$ cat target_16.pdb   # PDB, C-alpha atoms
ATOM      1  CA  MET D 292     231.229  63.239 176.375
ATOM      2  CA  ALA D 293     228.928  65.750 178.017
ATOM      3  CA  ALA D 294     228.428  65.437 181.753
ATOM      4  CA  ASP D 295     224.697  64.807 181.431
ATOM      5  CA  THR D 296     225.173  61.991 178.896
ATOM      6  CA  LYS D 297     227.703  59.940 180.850
ATOM      7  CA  PRO D 298     226.609  56.300 180.904
ATOM      8  CA  THR D 299     226.067  54.714 184.291
ATOM      9  CA  VAL D 300     226.566  51.217 182.820
ATOM     10  CA  PHE D 301     228.242  49.630 179.798
ATOM     11  CA  SER D 302     226.973  46.851 177.556
ATOM     12  CA  ALA D 303     229.197  43.818 176.930
ATOM     13  CA  LEU D 304     229.928  45.267 173.467
ATOM     14  CA  GLU D 305     230.963  48.657 174.911
ATOM     15  CA  ALA D 306     233.151  46.911 177.513
ATOM     16  CA  ALA D 307     234.742  44.864 174.728
ATOM     17  CA  ARG D 308     235.481  48.020 172.722
ATOM     18  CA  ILE D 309     237.098  49.706 175.755
ATOM     19  CA  CYS D 310     239.240  46.601 176.403
ATOM     20  CA  GLY D 311     240.143  46.233 172.727
ATOM     21  CA  VAL D 312     238.600  42.768 172.308
ATOM     22  CA  VAL D 313     235.653  41.236 170.449
ATOM     23  CA  ASN D 314     232.200  41.130 172.039
ATOM     24  CA  GLN D 315     232.335  37.358 172.669
ATOM     25  CA  THR D 316     235.507  37.754 174.745
ATOM     26  CA  SER D 317     233.851  40.156 177.167
ATOM     27  CA  ILE D 318     230.817  37.845 177.378
ATOM     28  CA  ASN D 319     233.153  34.941 178.186
ATOM     29  CA  TRP D 320     234.841  37.032 180.913
ATOM     30  CA  ILE D 321     231.418  37.723 182.414
ATOM     31  CA  LYS D 322     230.214  34.100 182.175
ATOM     32  CA  ASN D 323     233.447  32.829 183.761
ATOM     33  CA  GLY D 324     233.095  35.278 186.661
ATOM     34  CA  PHE D 325     236.164  37.378 185.788
ATOM     35  CA  LEU D 326     234.226  40.520 184.901
ATOM     36  CA  LYS D 327     231.442  41.507 187.286
ATOM     37  CA  ALA D 328     228.147  42.221 185.518
ATOM     38  CA  PHE D 329     224.386  42.001 185.957
ATOM     39  CA  LYS D 330     221.562  41.066 183.597
ATOM     40  CA  THR D 331     218.798  43.389 182.477
ATOM     41  CA  PRO D 332     215.181  42.102 182.493
ATOM     42  CA  GLY D 333     215.729  41.462 178.771
ATOM     43  CA  GLY D 334     218.720  39.195 179.480
ATOM     44  CA  GLN D 335     221.461  41.611 178.383
ATOM     45  CA  PHE D 336     224.691  41.964 180.342
ATOM     46  CA  ARG D 337     225.500  45.355 181.864
ATOM     47  CA  ILE D 338     228.740  46.390 183.585
ATOM     48  CA  TYR D 339     229.259  49.246 186.027
ATOM     49  CA  PRO D 340     232.224  51.507 185.111
ATOM     50  CA  ASP D 341     233.989  50.847 188.427
ATOM     51  CA  ASP D 342     233.759  47.069 187.936
ATOM     52  CA  LEU D 343     235.174  47.365 184.430
ATOM     53  CA  ALA D 344     238.035  49.561 185.678
ATOM     54  CA  ASP D 345     238.776  47.120 188.525
ATOM     55  CA  PHE D 346     238.844  44.244 186.024
ATOM     56  CA  MET D 347     241.147  46.128 183.632
ATOM     57  CA  GLN D 348     243.499  47.037 186.453
ATOM     58  CA  SER D 349     243.654  43.394 187.592
ATOM     59  CA  ARG D 350     244.700  42.432 184.045
ATOM     60  CA  ASN D 351     247.268  45.259 183.811
ATOM     61  CA  MET D 352     245.331  46.867 180.959
ATOM     62  CA  GLU D 353     245.625  50.575 180.333
ATOM     63  CA  ILE D 354     242.456  52.250 181.598
ATOM     64  CA  PRO D 355     241.274  54.975 179.200
ATOM     65  CA  ALA D 356     240.397  58.440 180.463
ATOM     66  CA  GLU D 357     236.828  58.084 179.130
ATOM     67  CA  LEU D 358     236.277  55.192 181.551
ATOM     68  CA  LEU D 359     237.951  56.899 184.530
ATOM     69  CA  GLU D 360     235.720  59.932 183.963
ATOM     70  CA  VAL D 361     232.576  57.931 184.710
ATOM     71  CA  CYS D 362     233.950  55.907 187.631
ATOM     72  CA  THR D 363     232.844  56.819 191.138
ATOM     73  CA  ARG D 364     234.620  54.409 193.465
ATOM     74  CA  PHE D 365     237.269  52.699 191.287
ATOM     75  CA  SER D 366     239.904  51.362 193.689
ATOM     76  CA  GLY D 367     242.723  52.425 191.393
ATOM     77  CA  ARG D 368     241.487  55.983 191.456
ATOM     78  CA  LYS D 369     243.054  56.661 194.790
ATOM     79  CA  SER D 370     245.232  59.524 195.858
ATOM     80  CA  LEU D 371     248.834  59.766 196.948
ATOM     81  CA  LEU D 372     250.674  62.557 198.725
ATOM     82  CA  ILE D 373     254.456  62.747 198.330
ATOM     83  CA  VAL D 374     256.106  64.723 201.133
ATOM     84  CA  ASP D 375     259.792  65.413 200.515
ATOM     85  CA  ASP D 376     261.676  68.715 200.533
ATOM     86  CA  ASP D 377     263.986  67.423 197.765
ATOM     87  CA  ARG D 378     261.990  68.832 194.839
ATOM     88  CA  GLY D 379     263.847  66.789 192.245
ATOM     89  CA  LEU D 380     263.245  63.490 194.007
ATOM     90  CA  ASN D 381     259.641  64.420 194.826
ATOM     91  CA  THR D 382     258.958  65.031 191.123
ATOM     92  CA  VAL D 383     260.809  61.886 189.986
ATOM     93  CA  ILE D 384     258.608  59.809 192.324
ATOM     94  CA  LYS D 385     255.473  61.575 191.037
ATOM     95  CA  HIS D 386     256.243  60.927 187.357
ATOM     96  CA  TYR D 387     257.289  57.329 187.982
ATOM     97  CA  ILE D 388     254.130  56.460 189.947
ATOM     98  CA  GLN D 389     251.872  58.233 187.422
ATOM     99  CA  LYS D 390     253.295  55.990 184.682
ATOM    100  CA  LYS D 391     253.025  52.806 186.737
ATOM    101  CA  ILE D 392     249.622  53.269 188.421
ATOM    102  CA  PRO D 393     247.057  54.662 185.967
ATOM    103  CA  GLY D 394     244.317  56.866 187.354
ATOM    104  CA  ILE D 395     246.069  57.718 190.625
ATOM    105  CA  GLU D 396     245.750  61.309 191.807
ATOM    106  CA  ILE D 397     249.064  62.636 193.102
ATOM    107  CA  PHE D 398     249.697  65.631 195.345
ATOM    108  CA  GLN D 399     253.108  67.025 196.256
ATOM    109  CA  ALA D 400     254.233  68.798 199.412
ATOM    110  CA  PHE D 401     257.731  70.095 200.115
ATOM    111  CA  ASP D 402     257.373  70.840 203.826
ATOM    112  CA  GLY D 403     255.285  69.804 206.830
ATOM    113  CA  PHE D 404     252.981  72.813 206.711
ATOM    114  CA  GLU D 405     252.048  72.209 203.071
ATOM    115  CA  ALA D 406     251.624  68.479 203.810
ATOM    116  CA  GLY D 407     249.223  69.204 206.686
ATOM    117  CA  SER D 408     247.126  71.493 204.518
ATOM    118  CA  ILE D 409     246.855  68.936 201.681
ATOM    119  CA  MET D 410     246.139  66.075 204.085
ATOM    120  CA  THR D 411     243.293  67.996 205.718
ATOM    121  CA  GLU D 412     241.728  69.093 202.426
ATOM    122  CA  LYS D 413     242.336  66.093 200.149
ATOM    123  CA  LYS D 414     242.637  63.169 202.619
ATOM    124  CA  PRO D 415     244.982  61.104 200.434
ATOM    125  CA  GLY D 416     244.770  57.350 200.863
ATOM    126  CA  CYS D 417     248.535  56.920 200.910
ATOM    127  CA  ILE D 418     251.443  59.167 201.949
ATOM    128  CA  VAL D 419     255.084  58.809 200.948
ATOM    129  CA  LEU D 420     256.814  60.671 203.757
ATOM    130  CA  ASP D 421     260.421  61.768 204.172
ATOM    131  CA  LEU D 422     261.206  61.784 207.905
ATOM    132  CA  ASP D 423     263.916  64.434 207.592
ATOM    133  CA  LEU D 424     261.846  67.515 206.784
ATOM    134  CA  PRO D 425     263.001  71.039 207.660
ATOM    135  CA  GLY D 426     261.529  72.371 210.890
ATOM    136  CA  ILE D 427     259.466  69.294 211.706
ATOM    137  CA  ASN D 428     260.008  66.048 213.575
ATOM    138  CA  GLY D 429     259.078  63.186 211.239
ATOM    139  CA  VAL D 430     258.131  60.851 214.066
ATOM    140  CA  ASP D 431     255.824  63.472 215.623
ATOM    141  CA  LEU D 432     254.242  64.073 212.221
ATOM    142  CA  CYS D 433     253.571  60.331 211.796
ATOM    143  CA  LYS D 434     252.002  60.195 215.268
ATOM    144  CA  LYS D 435     249.784  63.191 214.478
ATOM    145  CA  ILE D 436     248.640  61.682 211.156
ATOM    146  CA  LYS D 437     247.826  58.387 212.852
ATOM    147  CA  GLU D 438     245.953  59.944 215.790
ATOM    148  CA  ASP D 439     243.993  62.739 214.107
ATOM    149  CA  GLU D 440     240.885  61.580 212.257
ATOM    150  CA  LYS D 441     240.769  64.737 210.149
ATOM    151  CA  PHE D 442     243.575  63.229 208.026
ATOM    152  CA  GLY D 443     241.425  60.220 207.093
ATOM    153  CA  ASN D 444     243.778  57.483 208.385
ATOM    154  CA  PRO D 445     246.063  57.192 205.333
ATOM    155  CA  LYS D 446     248.632  54.451 204.811
ATOM    156  CA  ILE D 447     252.130  55.869 205.393
ATOM    157  CA  ILE D 448     255.292  54.801 203.582
ATOM    158  CA  ILE D 449     258.483  56.224 205.065
ATOM    159  CA  VAL D 450     261.408  57.189 202.840
ATOM    160  CA  THR D 451     264.530  58.283 204.650
ATOM    161  CA  ALA D 452     268.283  58.630 204.471
ATOM    162  CA  LEU D 453     268.457  58.534 208.278
ATOM    163  CA  GLU D 454     270.410  55.621 209.708
ATOM    164  CA  ASN D 455     268.738  55.622 213.090
ATOM    165  CA  LYS D 456     267.333  52.377 214.477
ATOM    166  CA  GLU D 457     265.640  54.166 217.372
ATOM    167  CA  THR D 458     263.682  56.409 214.988
ATOM    168  CA  GLU D 459     262.735  53.407 212.862
ATOM    169  CA  THR D 460     261.536  51.529 215.952
ATOM    170  CA  LYS D 461     259.471  54.527 217.112
ATOM    171  CA  VAL D 462     257.802  54.877 213.723
ATOM    172  CA  LYS D 463     257.089  51.143 213.476
ATOM    173  CA  SER D 464     255.502  51.265 216.928
ATOM    174  CA  LEU D 465     252.920  53.641 215.400
ATOM    175  CA  GLY D 466     251.900  50.877 212.988
ATOM    176  CA  ILE D 467     253.965  52.011 210.016
ATOM    177  CA  GLN D 468     255.694  49.006 208.477
ATOM    178  CA  GLU D 469     256.816  50.257 205.079
ATOM    179  CA  PHE D 470     260.295  51.738 205.233
ATOM    180  CA  ILE D 471     262.408  52.568 202.186
ATOM    181  CA  LYS D 472     265.961  53.819 202.522
ATOM    182  CA  LYS D 473     267.411  56.439 200.237
ATOM    183  CA  PRO D 474     268.577  56.132 197.511
ATOM    184  CA  ILE D 475     265.073  54.950 196.708
ATOM    185  CA  ASP D 476     264.304  51.753 194.832
ATOM    186  CA  LEU D 477     261.394  53.120 192.787
ATOM    187  CA  SER D 478     260.015  49.698 191.855
ATOM    188  CA  ALA D 479     259.893  48.691 195.546
ATOM    189  CA  LEU D 480     258.153  51.977 196.359
ATOM    190  CA  GLU D 481     255.646  51.350 193.562
ATOM    191  CA  GLY D 482     254.955  47.910 195.031
ATOM    192  CA  PHE D 483     254.125  49.407 198.420
ATOM    193  CA  ILE D 484     251.939  52.118 196.888
ATOM    194  CA  ALA D 485     250.072  49.734 194.562
ATOM    195  CA  LYS D 486     249.327  47.467 197.532
ATOM    196  CA  ASP D 487     248.115  50.391 199.634
ATOM    197  CA  VAL D 488     245.990  52.222 197.078
TER     198      VAL D 488
END

$ encode --input "target_16.pdb" --output "structure tokens"
Amino acid sequence: MAADTKPTVFSALEAARICGVVNQTSINWIKNGFLKAFKTPGGQFRIYPDDLADFMQSRNMEIPAELLEVCTRFSGRKSLLIVDDDRGLNTVIKHYIQKKIPGIEIFQAFDGFEAGSIMTEKKPGCIVLDLDLPGINGVDLCKKIKEDEKFGNPKIIIVTALENKETETKVKSLGIQEFIKKPIDLSALEGFIAKDV
């Protein structure tokens, strides 16, 4: 689909095709208030791409790339930054989340410097952060992310092997409530991320 021919709205029939159902089903979804739509002056239903993507995500439907391409504010099209110097674990988390949350944009950083650069440029909505990074104090990094507006106020999920109640208390005092201990329960992590993005 060429950039200049991207539709800004879908008909009920087009929405039905994308969802893999018959036209009447999508009309029923609209009439019952499940799928957000508006009527043209001629009485035809039209659906914005973002509303269709939101609906599909709420029904756990796979969202096709052709739909994501024309979305502008789809809530599922958020970004995640994984900050962990364990490259293997970092990549395992990335692949797992990509499978579980369609449309999410994922960045990886393996140290604090790289994380800072990505946070400034990309402003991810959610950060999975290992507290035990080489050459950087995880608590200080959390404080900096929370206090500096240039990072866009992301949601932070801490993953750590540290068994230190004082550190946990300090981090929670910054407003960070999601803590996952290593070894990581990936489904629990996905639950936190899905809620946050």

$ atom_distance --input "target_16.pdb" --atom1 "atom CA of Ala328 of chain D" --atom2 "atom CA of Ile309 of chain D"
15.2 Å

$ resolve_selection --input "target_16.pdb" --expression "the PyMOL selection byres ((chain D and resi 386-388) around 12)" --output "PyMOL selection string"
chain D and resi 370-373+379-385+389-399+419+475-485+488

$ closest_residue --input "target_16.pdb" --among "D:Leu424, D:Met352, D:Val300, D:Ile447" --to "Phe329 of chain D" --atoms "only C-alpha atoms"
D:Val300

$ closest_residue --input "target_16.pdb" --among "D:Leu359, D:Leu326, D:Met347, D:Leu422" --to "Asp402 of chain D" --atoms "only C-alpha atoms"
D:Leu422

$ residues_around --input "target_16.pdb" --residues "Tyr339 of chain D" --least-positions-apart "5" --cutoff "10 Å" --atoms "only C-alpha atoms" --output "ChimeraX atom specification"
/D:298-302,306,327-329,344,361-363
